[in-house]
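Chemist: File final.cif follows (mmCIF, C-alpha atoms):
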data_data
loop_
_atom_site.label_atom_id
_atom_site.label_comp_id
_atom_site.auth_asym_id
_atom_site.auth_seq_id
_atom_site.Cartn_x
_atom_site.Cartn_y
_atom_site.Cartn_z
CA MET A 1 135.27 -90.33 89.38
CA ALA A 2 132.44 -92.85 89.45
CA TYR A 3 134.30 -95.54 91.43
CA ILE A 4 136.74 -95.61 94.32
CA ASP A 5 138.62 -98.74 95.32
CA ALA A 6 138.24 -99.89 98.92
CA LYS A 7 141.25 -101.32 100.74
CA ASP A 8 140.39 -104.85 99.63
CA GLY A 9 139.82 -103.79 96.02
CA THR A 10 136.02 -103.68 96.17
CA GLN A 11 134.74 -100.88 93.94
CA LEU A 12 132.53 -98.30 95.64
CA HIS A 13 130.18 -96.33 93.40
CA VAL A 14 130.42 -92.63 94.29
CA LYS A 15 128.51 -89.54 93.19
CA ASP A 16 130.32 -86.24 93.86
CA MET A 17 128.30 -83.14 93.05
CA GLY A 18 128.59 -79.41 93.54
CA GLN A 19 131.07 -77.07 95.19
CA GLY A 20 131.45 -75.70 98.69
CA ARG A 21 131.82 -77.41 102.04
CA PRO A 22 131.52 -81.19 101.65
CA VAL A 23 128.72 -83.31 103.07
CA VAL A 24 128.85 -87.12 102.83
CA LEU A 25 125.46 -88.85 102.99
CA ILE A 26 125.59 -92.50 104.14
CA HIS A 27 122.55 -94.54 103.18
CA GLY A 28 120.39 -97.02 105.02
CA TRP A 29 119.60 -100.68 104.46
CA PRO A 30 118.65 -102.02 101.95
CA LEU A 31 118.79 -98.93 99.76
CA THR A 32 121.52 -96.99 97.92
CA GLY A 33 123.00 -93.51 98.02
CA ASP A 34 120.16 -92.41 95.75
CA MET A 35 117.74 -92.60 98.73
CA PHE A 36 118.92 -89.06 99.58
CA GLU A 37 117.25 -87.50 96.53
CA TYR A 38 115.41 -84.80 98.48
CA GLN A 39 118.42 -84.02 100.68
CA THR A 40 120.86 -83.91 97.77
CA VAL A 41 118.82 -81.30 95.92
CA ALA A 42 118.37 -79.15 99.05
CA LEU A 43 122.07 -79.29 99.95
CA LEU A 44 123.21 -78.51 96.41
CA GLU A 45 120.82 -75.57 96.20
CA ALA A 46 122.22 -74.32 99.54
CA GLY A 47 125.75 -74.33 98.12
CA TYR A 48 127.21 -77.56 99.51
CA ARG A 49 129.31 -80.21 97.81
CA VAL A 50 127.35 -83.44 98.17
CA ILE A 51 128.93 -86.90 98.10
CA THR A 52 126.87 -90.09 98.16
CA TYR A 53 128.10 -93.64 97.71
CA ASP A 54 126.63 -97.10 97.61
CA ARG A 55 127.70 -99.36 100.47
CA ARG A 56 129.57 -102.48 99.33
CA GLY A 57 127.03 -105.09 98.28
CA PHE A 58 124.40 -102.48 97.43
CA GLY A 59 123.45 -100.45 94.39
CA GLN A 60 126.20 -100.05 91.81
CA SER A 61 129.11 -100.84 94.14
CA GLY A 62 130.89 -104.18 94.00
CA HIS A 63 129.07 -107.18 95.44
CA PRO A 64 131.72 -109.27 97.20
CA ALA A 65 130.83 -112.43 99.12
CA THR A 66 132.34 -111.17 102.38
CA GLY A 67 133.17 -107.99 104.27
CA TYR A 68 129.75 -107.07 105.65
CA ASN A 69 130.84 -105.82 109.05
CA TYR A 70 131.25 -102.35 110.50
CA ASP A 71 135.04 -102.31 110.67
CA THR A 72 135.07 -102.85 106.90
CA PHE A 73 132.23 -100.38 106.30
CA ALA A 74 134.10 -97.73 108.31
CA ASP A 75 137.27 -98.36 106.32
CA ASP A 76 135.24 -98.04 103.10
CA LEU A 77 134.01 -94.62 104.28
CA ALA A 78 137.62 -93.70 105.04
CA SER A 79 138.61 -94.72 101.51
CA VAL A 80 135.98 -92.36 100.07
CA ILE A 81 137.03 -89.47 102.31
CA GLU A 82 140.74 -89.96 101.67
CA GLU A 83 140.50 -90.56 97.91
CA LEU A 84 138.47 -87.36 97.49
CA ASP A 85 140.77 -85.63 100.01
CA LEU A 86 137.81 -84.25 101.94
CA GLN A 87 138.52 -81.85 104.80
CA ASP A 88 136.08 -80.16 107.17
CA VAL A 89 133.45 -82.66 106.02
CA SER A 90 130.06 -83.23 107.62
CA LEU A 91 128.81 -86.81 107.84
CA VAL A 92 125.09 -87.61 107.69
CA GLY A 93 124.20 -91.24 108.39
CA PHE A 94 120.70 -92.64 108.02
CA SER A 95 119.73 -95.80 109.92
CA MET A 96 122.48 -98.36 109.27
CA GLY A 97 124.63 -95.44 108.04
CA GLY A 98 124.80 -94.01 111.55
CA GLY A 99 126.85 -97.02 112.55
CA GLU A 100 129.41 -96.20 109.86
CA ILE A 101 129.93 -92.78 111.40
CA ALA A 102 130.36 -94.19 114.91
CA ARG A 103 132.85 -96.83 113.83
CA TYR A 104 134.68 -94.46 111.46
CA LEU A 105 135.29 -91.98 114.28
CA SER A 106 136.65 -94.66 116.61
CA ARG A 107 138.89 -96.22 113.93
CA HIS A 108 140.00 -93.13 112.00
CA GLY A 109 139.43 -90.14 114.28
CA ALA A 110 137.74 -86.82 113.62
CA SER A 111 140.61 -84.83 112.11
CA ARG A 112 138.82 -84.50 108.76
CA ILE A 113 135.29 -84.27 110.23
CA ALA A 114 133.45 -81.06 111.12
CA LYS A 115 130.01 -82.31 112.20
CA ALA A 116 127.94 -85.48 112.39
CA VAL A 117 124.23 -86.13 111.98
CA LEU A 118 122.53 -89.39 112.98
CA VAL A 119 119.12 -89.73 111.31
CA ALA A 120 116.94 -92.64 112.50
CA SER A 121 120.27 -94.29 113.25
CA VAL A 122 120.93 -97.78 114.63
CA ALA A 123 123.63 -96.48 116.97
CA PRO A 124 124.42 -97.17 119.73
CA TYR A 125 122.99 -100.72 120.08
CA LEU A 126 119.82 -102.34 118.79
CA LEU A 127 120.00 -105.88 120.15
CA LYS A 128 118.05 -106.66 123.31
CA ASP A 129 120.14 -108.26 126.05
CA GLU A 130 120.67 -107.91 129.80
CA THR A 131 122.59 -104.65 129.23
CA ASN A 132 120.06 -103.27 126.74
CA PRO A 133 116.52 -104.13 127.91
CA ASP A 134 114.89 -101.63 125.52
CA GLY A 135 116.48 -103.29 122.49
CA VAL A 136 115.01 -105.46 119.74
CA ASP A 137 114.70 -109.20 120.35
CA ALA A 138 117.14 -111.35 118.37
CA SER A 139 114.23 -113.33 116.93
CA VAL A 140 113.16 -110.25 114.94
CA PHE A 141 116.44 -110.20 113.04
CA GLU A 142 116.41 -113.96 112.51
CA ASP A 143 112.88 -113.73 111.12
CA MET A 144 113.94 -110.95 108.74
CA LYS A 145 116.77 -113.07 107.40
CA ALA A 146 114.48 -116.08 106.98
CA GLN A 147 111.98 -114.00 105.00
CA ILE A 148 114.75 -112.60 102.77
CA ARG A 149 116.01 -116.10 102.03
CA GLU A 150 112.49 -117.32 101.22
CA ASP A 151 111.32 -114.41 99.03
CA ARG A 152 113.49 -111.30 99.12
CA PHE A 153 111.17 -109.46 96.74
CA ALA A 154 108.01 -109.98 98.79
CA PHE A 155 109.95 -109.05 101.93
CA LEU A 156 111.16 -105.77 100.40
CA GLN A 157 107.62 -104.79 99.42
CA SER A 158 106.19 -105.44 102.88
CA PHE A 159 109.21 -103.94 104.66
CA ALA A 160 108.84 -100.66 102.76
CA LYS A 161 105.33 -100.16 104.14
CA THR A 162 106.57 -100.44 107.74
CA PHE A 163 109.62 -98.35 106.85
CA TYR A 164 107.45 -95.42 105.72
CA GLY A 165 104.55 -95.98 108.12
CA VAL A 166 102.08 -96.94 105.41
CA GLY A 167 98.87 -98.45 106.82
CA LEU A 168 95.22 -98.87 105.96
CA VAL A 169 94.61 -95.17 106.61
CA SER A 170 98.09 -93.65 106.74
CA ARG A 171 99.74 -92.86 103.39
CA PRO A 172 102.76 -90.66 104.21
CA VAL A 173 104.45 -91.48 100.87
CA SER A 174 103.16 -92.16 97.36
CA GLN A 175 103.04 -95.50 95.59
CA GLY A 176 105.81 -94.07 93.45
CA VAL A 177 108.11 -93.77 96.48
CA LEU A 178 107.29 -97.35 97.48
CA ASP A 179 108.06 -98.57 93.96
CA TRP A 180 111.31 -96.54 93.85
CA SER A 181 112.41 -97.95 97.20
CA PHE A 182 111.74 -101.48 95.93
CA VAL A 183 113.90 -100.84 92.86
CA LEU A 184 116.77 -99.53 95.02
CA GLY A 185 116.44 -102.50 97.38
CA VAL A 186 116.48 -105.20 94.72
CA MET A 187 119.76 -103.82 93.34
CA ALA A 188 121.51 -105.21 96.42
CA SER A 189 123.30 -108.52 96.64
CA PRO A 190 121.10 -111.03 98.50
CA LYS A 191 124.17 -112.04 100.53
CA ALA A 192 124.79 -108.43 101.56
CA THR A 193 121.10 -107.95 102.35
CA ILE A 194 121.17 -110.90 104.74
CA ASP A 195 124.59 -110.29 106.30
CA CYS A 196 123.84 -106.63 106.99
CA VAL A 197 120.84 -107.57 109.14
CA THR A 198 123.35 -109.25 111.45
CA ALA A 199 125.68 -106.25 111.22
CA PHE A 200 123.20 -103.51 112.08
CA GLY A 201 121.17 -105.71 114.42
CA THR A 202 123.97 -106.97 116.64
CA THR A 203 126.88 -104.49 116.49
CA ASP A 204 127.43 -102.65 119.77
CA PHE A 205 128.49 -99.05 119.10
CA ARG A 206 128.37 -97.95 122.73
CA PRO A 207 132.19 -97.97 123.03
CA ASP A 208 132.38 -95.82 119.87
CA LEU A 209 130.29 -92.96 121.28
CA ALA A 210 133.26 -91.42 123.12
CA SER A 211 134.84 -90.77 119.71
CA PHE A 212 132.13 -88.22 118.84
CA THR A 213 134.27 -85.17 119.67
CA ILE A 214 132.50 -82.96 117.13
CA PRO A 215 129.09 -81.23 117.12
CA THR A 216 126.47 -83.94 116.68
CA LEU A 217 122.77 -83.79 115.83
CA VAL A 218 120.45 -86.75 116.40
CA ILE A 219 117.07 -86.87 114.60
CA HIS A 220 114.58 -89.69 115.16
CA GLY A 221 110.88 -90.36 114.73
CA THR A 222 108.93 -91.36 117.84
CA ALA A 223 106.81 -93.83 115.82
CA ASP A 224 109.80 -95.57 114.22
CA LYS A 225 108.93 -99.30 114.18
CA THR A 226 112.06 -100.25 112.23
CA VAL A 227 114.62 -98.72 114.60
CA PRO A 228 112.83 -97.93 117.90
CA ILE A 229 113.86 -94.59 119.34
CA ASP A 230 114.71 -95.67 122.92
CA PRO A 231 117.77 -97.90 122.29
CA SER A 232 118.89 -95.78 119.34
CA GLY A 233 118.18 -92.07 119.00
CA ARG A 234 117.57 -91.31 122.69
CA ALA A 235 120.43 -93.53 123.84
CA ALA A 236 122.80 -91.97 121.30
CA ALA A 237 121.91 -88.45 122.39
CA ASN A 238 122.47 -89.42 126.03
CA GLY A 239 125.79 -91.10 125.26
CA ILE A 240 127.37 -88.47 123.00
CA ALA A 241 128.76 -85.46 124.82
CA GLY A 242 126.94 -82.27 123.80
CA ALA A 243 124.68 -83.98 121.25
CA ARG A 244 121.37 -82.40 120.39
CA LEU A 245 118.28 -84.57 119.92
CA ILE A 246 115.31 -83.59 117.77
CA GLU A 247 112.34 -85.97 118.04
CA TYR A 248 109.83 -86.04 115.19
CA ASP A 249 106.59 -86.82 116.94
CA GLY A 250 104.58 -89.56 115.25
CA GLU A 251 107.01 -90.01 112.36
CA PRO A 252 108.16 -93.43 111.08
CA HIS A 253 111.62 -94.59 110.01
CA GLY A 254 111.81 -93.18 106.47
CA LEU A 255 112.01 -89.51 107.49
CA PHE A 256 113.97 -88.55 104.39
CA ALA A 257 110.82 -89.13 102.29
CA THR A 258 107.93 -88.73 104.75
CA VAL A 259 108.97 -85.24 105.96
CA PRO A 260 111.77 -84.19 103.59
CA ASP A 261 111.19 -80.45 103.99
CA ARG A 262 111.42 -80.63 107.78
CA LEU A 263 114.50 -82.85 107.69
CA ASN A 264 116.20 -80.63 105.12
CA LYS A 265 115.49 -77.53 107.21
CA ASP A 266 116.97 -79.12 110.35
CA LEU A 267 120.01 -80.37 108.43
CA LEU A 268 120.71 -77.00 106.85
CA GLU A 269 120.33 -75.13 110.14
CA PHE A 270 122.76 -77.50 111.85
CA LEU A 271 125.31 -77.52 109.03
CA ALA A 272 125.30 -73.73 108.60
#
As structure tokens, what does this structure read like?
Modeler:
Amino acid sequence: MAYIDAKDGTQLHVKDMGQGRPVVLIHGWPLTGDMFEYQTVALLEAGYRVITYDRRGFGQSGHPATGYNYDTFADDLASVIEELDLQDVSLVGFSMGGGEIARYLSRHGASRIAKAVLVASVAPYLLKDETNPDGVDASVFEDMKAQIREDRFAFLQSFAKTFYGVGLVSRPVSQGVLDWSFVLGVMASPKATIDCVTAFGTTDFRPDLASFTIPTLVIHGTADKTVPIDPSGRAAANGIAGARLIEYDGEPHGLFATVPDRLNKDLLEFLA
């Protein structure tokens, strides 16, 4: 089953691999479900059933003109879970994907969900305002959208370096990983790429945190310049009852590729 229809008819491209307890991996912006290459292999080898899908507007899913908001994204996740009839499923959301988990739980409940993992997640609220002084200034998101409109391809190349913490001296990932990330990013609809900056940058998930009634693990890098840890990882761990926070000292946003072995170990220990 390569495609599942969302409620509005948008086709979602799904990969469903392996046997065992199901784990759904929800990707970050502006990538695809294939970003979880290292995690998919580790989970399959550990005996899990692994499901990845491309968010609407990204990868091989349908590219509609509208629908780039978290209520719709959460309903898309519900369509995947219900069509595959997943029970006792663990949800792992990276970056923007953490918001899907938060909104899914508040809209659809946790009856099918066993555990949740937020990795470098945007939840609970990124935007800086009087209630969120540690957040990111709105001008940052407006500048991102302006750069995407002007030259999406140049933006994606420069963004990837910040994403993985690549600098003049620091090379935590290979040129191959940077090139691969660019390929995944350019598969997206430009409309989705722009609209999702507004979605992940301005959606307030703080009211959704009470819906985390399941064991929850939060993992975040302390040197994340894409999604700063204070309004996201630390705030999520403080706001979710019983959540456990693991901070990766000095690590950037793209943990899945900069420290895949460490992330896989922490995921497997928590899921076991």
Chemist: Return as a PyMOL selection string the set of residues that the PyMOL selection byres ((chain A and resi 144) around 12) yields on the displayed structure.
Modeler: chain A and resi 137-143+145-152+154-156+158-159+193-198+201+226
Chemist: Could the residues in this selection be written to a file with C-alpha atoms, as a PDB file, in the coordinates of the input?
Modeler:
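Below is the file that was written, result34.pdb:
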ATOM      1  CA  ASP A 137     114.700-109.200 120.350  1.00  0.00           C
ATOM      2  CA  ALA A 138     117.140-111.350 118.370  1.00  0.00           C
ATOM      3  CA  SER A 139     114.230-113.330 116.930  1.00  0.00           C
ATOM      4  CA  VAL A 140     113.160-110.250 114.940  1.00  0.00           C
ATOM      5  CA  PHE A 141     116.440-110.200 113.040  1.00  0.00           C
ATOM      6  CA  GLU A 142     116.410-113.960 112.510  1.00  0.00           C
ATOM      7  CA  ASP A 143     112.880-113.730 111.120  1.00  0.00           C
ATOM      8  CA  LYS A 145     116.770-113.070 107.400  1.00  0.00           C
ATOM      9  CA  ALA A 146     114.480-116.080 106.980  1.00  0.00           C
ATOM     10  CA  GLN A 147     111.980-114.000 105.000  1.00  0.00           C
ATOM     11  CA  ILE A 148     114.750-112.600 102.770  1.00  0.00           C
ATOM     12  CA  ARG A 149     116.010-116.100 102.030  1.00  0.00           C
ATOM     13  CA  GLU A 150     112.490-117.320 101.220  1.00  0.00           C
ATOM     14  CA  ASP A 151     111.320-114.410  99.030  1.00  0.00           C
ATOM     15  CA  ARG A 152     113.490-111.300  99.120  1.00  0.00           C
ATOM     16  CA  ALA A 154     108.010-109.980  98.790  1.00  0.00           C
ATOM     17  CA  PHE A 155     109.950-109.050 101.930  1.00  0.00           C
ATOM     18  CA  LEU A 156     111.160-105.770 100.400  1.00  0.00           C
ATOM     19  CA  SER A 158     106.190-105.440 102.880  1.00  0.00           C
ATOM     20  CA  PHE A 159     109.210-103.940 104.660  1.00  0.00           C
ATOM     21  CA  THR A 193     121.100-107.950 102.350  1.00  0.00           C
ATOM     22  CA  ILE A 194     121.170-110.900 104.740  1.00  0.00           C
ATOM     23  CA  ASP A 195     124.590-110.290 106.300  1.00  0.00           C
ATOM     24  CA  CYS A 196     123.840-106.630 106.990  1.00  0.00           C
ATOM     25  CA  VAL A 197     120.840-107.570 109.140  1.00  0.00           C
ATOM     26  CA  THR A 198     123.350-109.250 111.450  1.00  0.00           C
ATOM     27  CA  GLY A 201     121.170-105.710 114.420  1.00  0.00           C
ATOM     28  CA  THR A 226     112.060-100.250 112.230  1.00  0.00           C
TER      29      THR A 226
END
Chemist: Which residue, A:Phe182, A:Phe205, A:Tyr3, A:Tyr38, has the smallest gap to Glu100 (chain A) when you use only C-alpha atoms?
Modeler: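 Counting only C-alpha atoms, the residue closest to Glu100 (chain A) is A:Phe205.
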Chemist: Quick one: everything within 9 Å of Phe58 (chain A), counting all atoms listed in the file, minus sequence neighbours fewer than 4 positions away in the same chain. Send it as a list in words.
Modeler: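 The filter keeps Trp29, Pro30, Leu31, Thr32, Asp54, Gly62, His63, Leu184, Gly185, Val186, Met187, Ala188, Ser189, Ala192 and Thr193 of chain A.
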Chemist: Quick check, in Å to one decimal: how far apart do CA of Ile4 (chain A) and CA of Tyr68 (chain A) lie?
Modeler: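 Rounded to one decimal, the two atoms are 17.6 Å apart.
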Chemist: Written as a CSV table (one decimal) with C-alpha atoms, keeping the file's coordinate frame, what is the full residue list that the PyMOL selection byres ((chain A and resi 77) around 10) yields on the file shown?
Modeler:
chain,number,residue,atom,x,y,z
A,6,ALA,CA,138.2,-99.9,98.9
A,12,LEU,CA,132.5,-98.3,95.6
A,24,VAL,CA,128.8,-87.1,102.8
A,26,ILE,CA,125.6,-92.5,104.1
A,53,TYR,CA,128.1,-93.6,97.7
A,55,ARG,CA,127.7,-99.4,100.5
A,72,THR,CA,135.1,-102.8,106.9
A,73,PHE,CA,132.2,-100.4,106.3
A,74,ALA,CA,134.1,-97.7,108.3
A,75,ASP,CA,137.3,-98.4,106.3
A,76,ASP,CA,135.2,-98.0,103.1
A,78,ALA,CA,137.6,-93.7,105.0
A,79,SER,CA,138.6,-94.7,101.5
A,80,VAL,CA,136.0,-92.4,100.1
A,81,ILE,CA,137.0,-89.5,102.3
A,82,GLU,CA,140.7,-90.0,101.7
A,83,GLU,CA,140.5,-90.6,97.9
A,100,GLU,CA,129.4,-96.2,109.9
A,101,ILE,CA,129.9,-92.8,111.4
A,103,ARG,CA,132.8,-96.8,113.8
A,104,TYR,CA,134.7,-94.5,111.5
A,108,HIS,CA,140.0,-93.1,112.0
Chemist: Which residue gives the smallest distance to Met96 (chain A) among A:Leu263, A:Ala65, A:Leu168, A:Ala120, with only C-alpha atoms counted?
Modeler: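 Comparing A:Leu263, A:Ala65, A:Leu168, A:Ala120 against Met96 (chain A), the winner is A:Ala120.
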Chemist: Return the single residue from A:Arg112, A:Lys161, A:His220, A:His13 that is closest to Ser61 (chain A), with distances computed using only C-alpha atoms.
Modeler: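 The answer is A:His13, which sits nearest to Ser61 (chain A).
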Chemist: Each side padded by 5 Å, which centre and which edge lengths in Å (one decimal) define the axis-aligned box around the listed atoms of region 242-250 of chain A? Give them as JSON.
Modeler:
{"center_x": 115.8, "center_y": -85.9, "center_z": 119.5, "size_x": 32.4, "size_y": 17.3, "size_z": 18.6}
Chemist: Might you pull out every residue within 10 Å of region 40-49 of chain A, with only C-alpha atoms counted and same-chain residues fewer than 4 positions away left off, and present them as a list of chain:residue names?
Modeler: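 Contacts, with the query itself left out: A:Asp16, A:Met17, A:Gly18, A:Gln19, A:Gly20, A:Arg21, A:Pro22, A:Val23, A:Val24, A:Leu25, A:Gly33, A:Asp34, A:Met35, A:Phe36, A:Val89, A:Pro260, A:Asp261, A:Asn264, A:Lys265, A:Leu267, A:Leu268, A:Leu271, A:Ala272.
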Chemist: Got time to write the residues from that selection, C-alpha atoms, as a PDB file, keeping the file's coordinate frame?
Modeler:
ATOM      1  CA  ASP A  16     130.320 -86.240  93.860  1.00  0.00           C
ATOM      2  CA  MET A  17     128.300 -83.140  93.050  1.00  0.00           C
ATOM      3  CA  GLY A  18     128.590 -79.410  93.540  1.00  0.00           C
ATOM      4  CA  GLN A  19     131.070 -77.070  95.190  1.00  0.00           C
ATOM      5  CA  GLY A  20     131.450 -75.700  98.690  1.00  0.00           C
ATOM      6  CA  ARG A  21     131.820 -77.410 102.040  1.00  0.00           C
ATOM      7  CA  PRO A  22     131.520 -81.190 101.650  1.00  0.00           C
ATOM      8  CA  VAL A  23     128.720 -83.310 103.070  1.00  0.00           C
ATOM      9  CA  VAL A  24     128.850 -87.120 102.830  1.00  0.00           C
ATOM     10  CA  LEU A  25     125.460 -88.850 102.990  1.00  0.00           C
ATOM     11  CA  GLY A  33     123.000 -93.510  98.020  1.00  0.00           C
ATOM     12  CA  ASP A  34     120.160 -92.410  95.750  1.00  0.00           C
ATOM     13  CA  MET A  35     117.740 -92.600  98.730  1.00  0.00           C
ATOM     14  CA  PHE A  36     118.920 -89.060  99.580  1.00  0.00           C
ATOM     15  CA  VAL A  89     133.450 -82.660 106.020  1.00  0.00           C
ATOM     16  CA  PRO A 260     111.770 -84.190 103.590  1.00  0.00           C
ATOM     17  CA  ASP A 261     111.190 -80.450 103.990  1.00  0.00           C
ATOM     18  CA  ASN A 264     116.200 -80.630 105.120  1.00  0.00           C
ATOM     19  CA  LYS A 265     115.490 -77.530 107.210  1.00  0.00           C
ATOM     20  CA  LEU A 267     120.010 -80.370 108.430  1.00  0.00           C
ATOM     21  CA  LEU A 268     120.710 -77.000 106.850  1.00  0.00           C
ATOM     22  CA  LEU A 271     125.310 -77.520 109.030  1.00  0.00           C
ATOM     23  CA  ALA A 272     125.300 -73.730 108.600  1.00  0.00           C
TER      24      ALA A 272
END
Chemist: Might you pull out every residue within 10 Å of Gly242 (chain A), with all atoms listed in the file counted and same-chain residues fewer than 5 positions away left off, and present them as a list in words?
Modeler: Phe212, Thr213, Ile214, Pro215, Thr216, Leu217 and Ala237 of chain A
Chemist: For this file, the PyMOL selection byres ((chain A and resi 245-247) around 7) selects which residues, as a list in words?
Modeler: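 Applied to this file, the PyMOL selection byres ((chain A and resi 245-247) around 7) returns Leu217, Val218, Ile219, His220, Gly221, Thr222, Ala237, Ala243, Arg244, Tyr248 and Asp249 of chain A.
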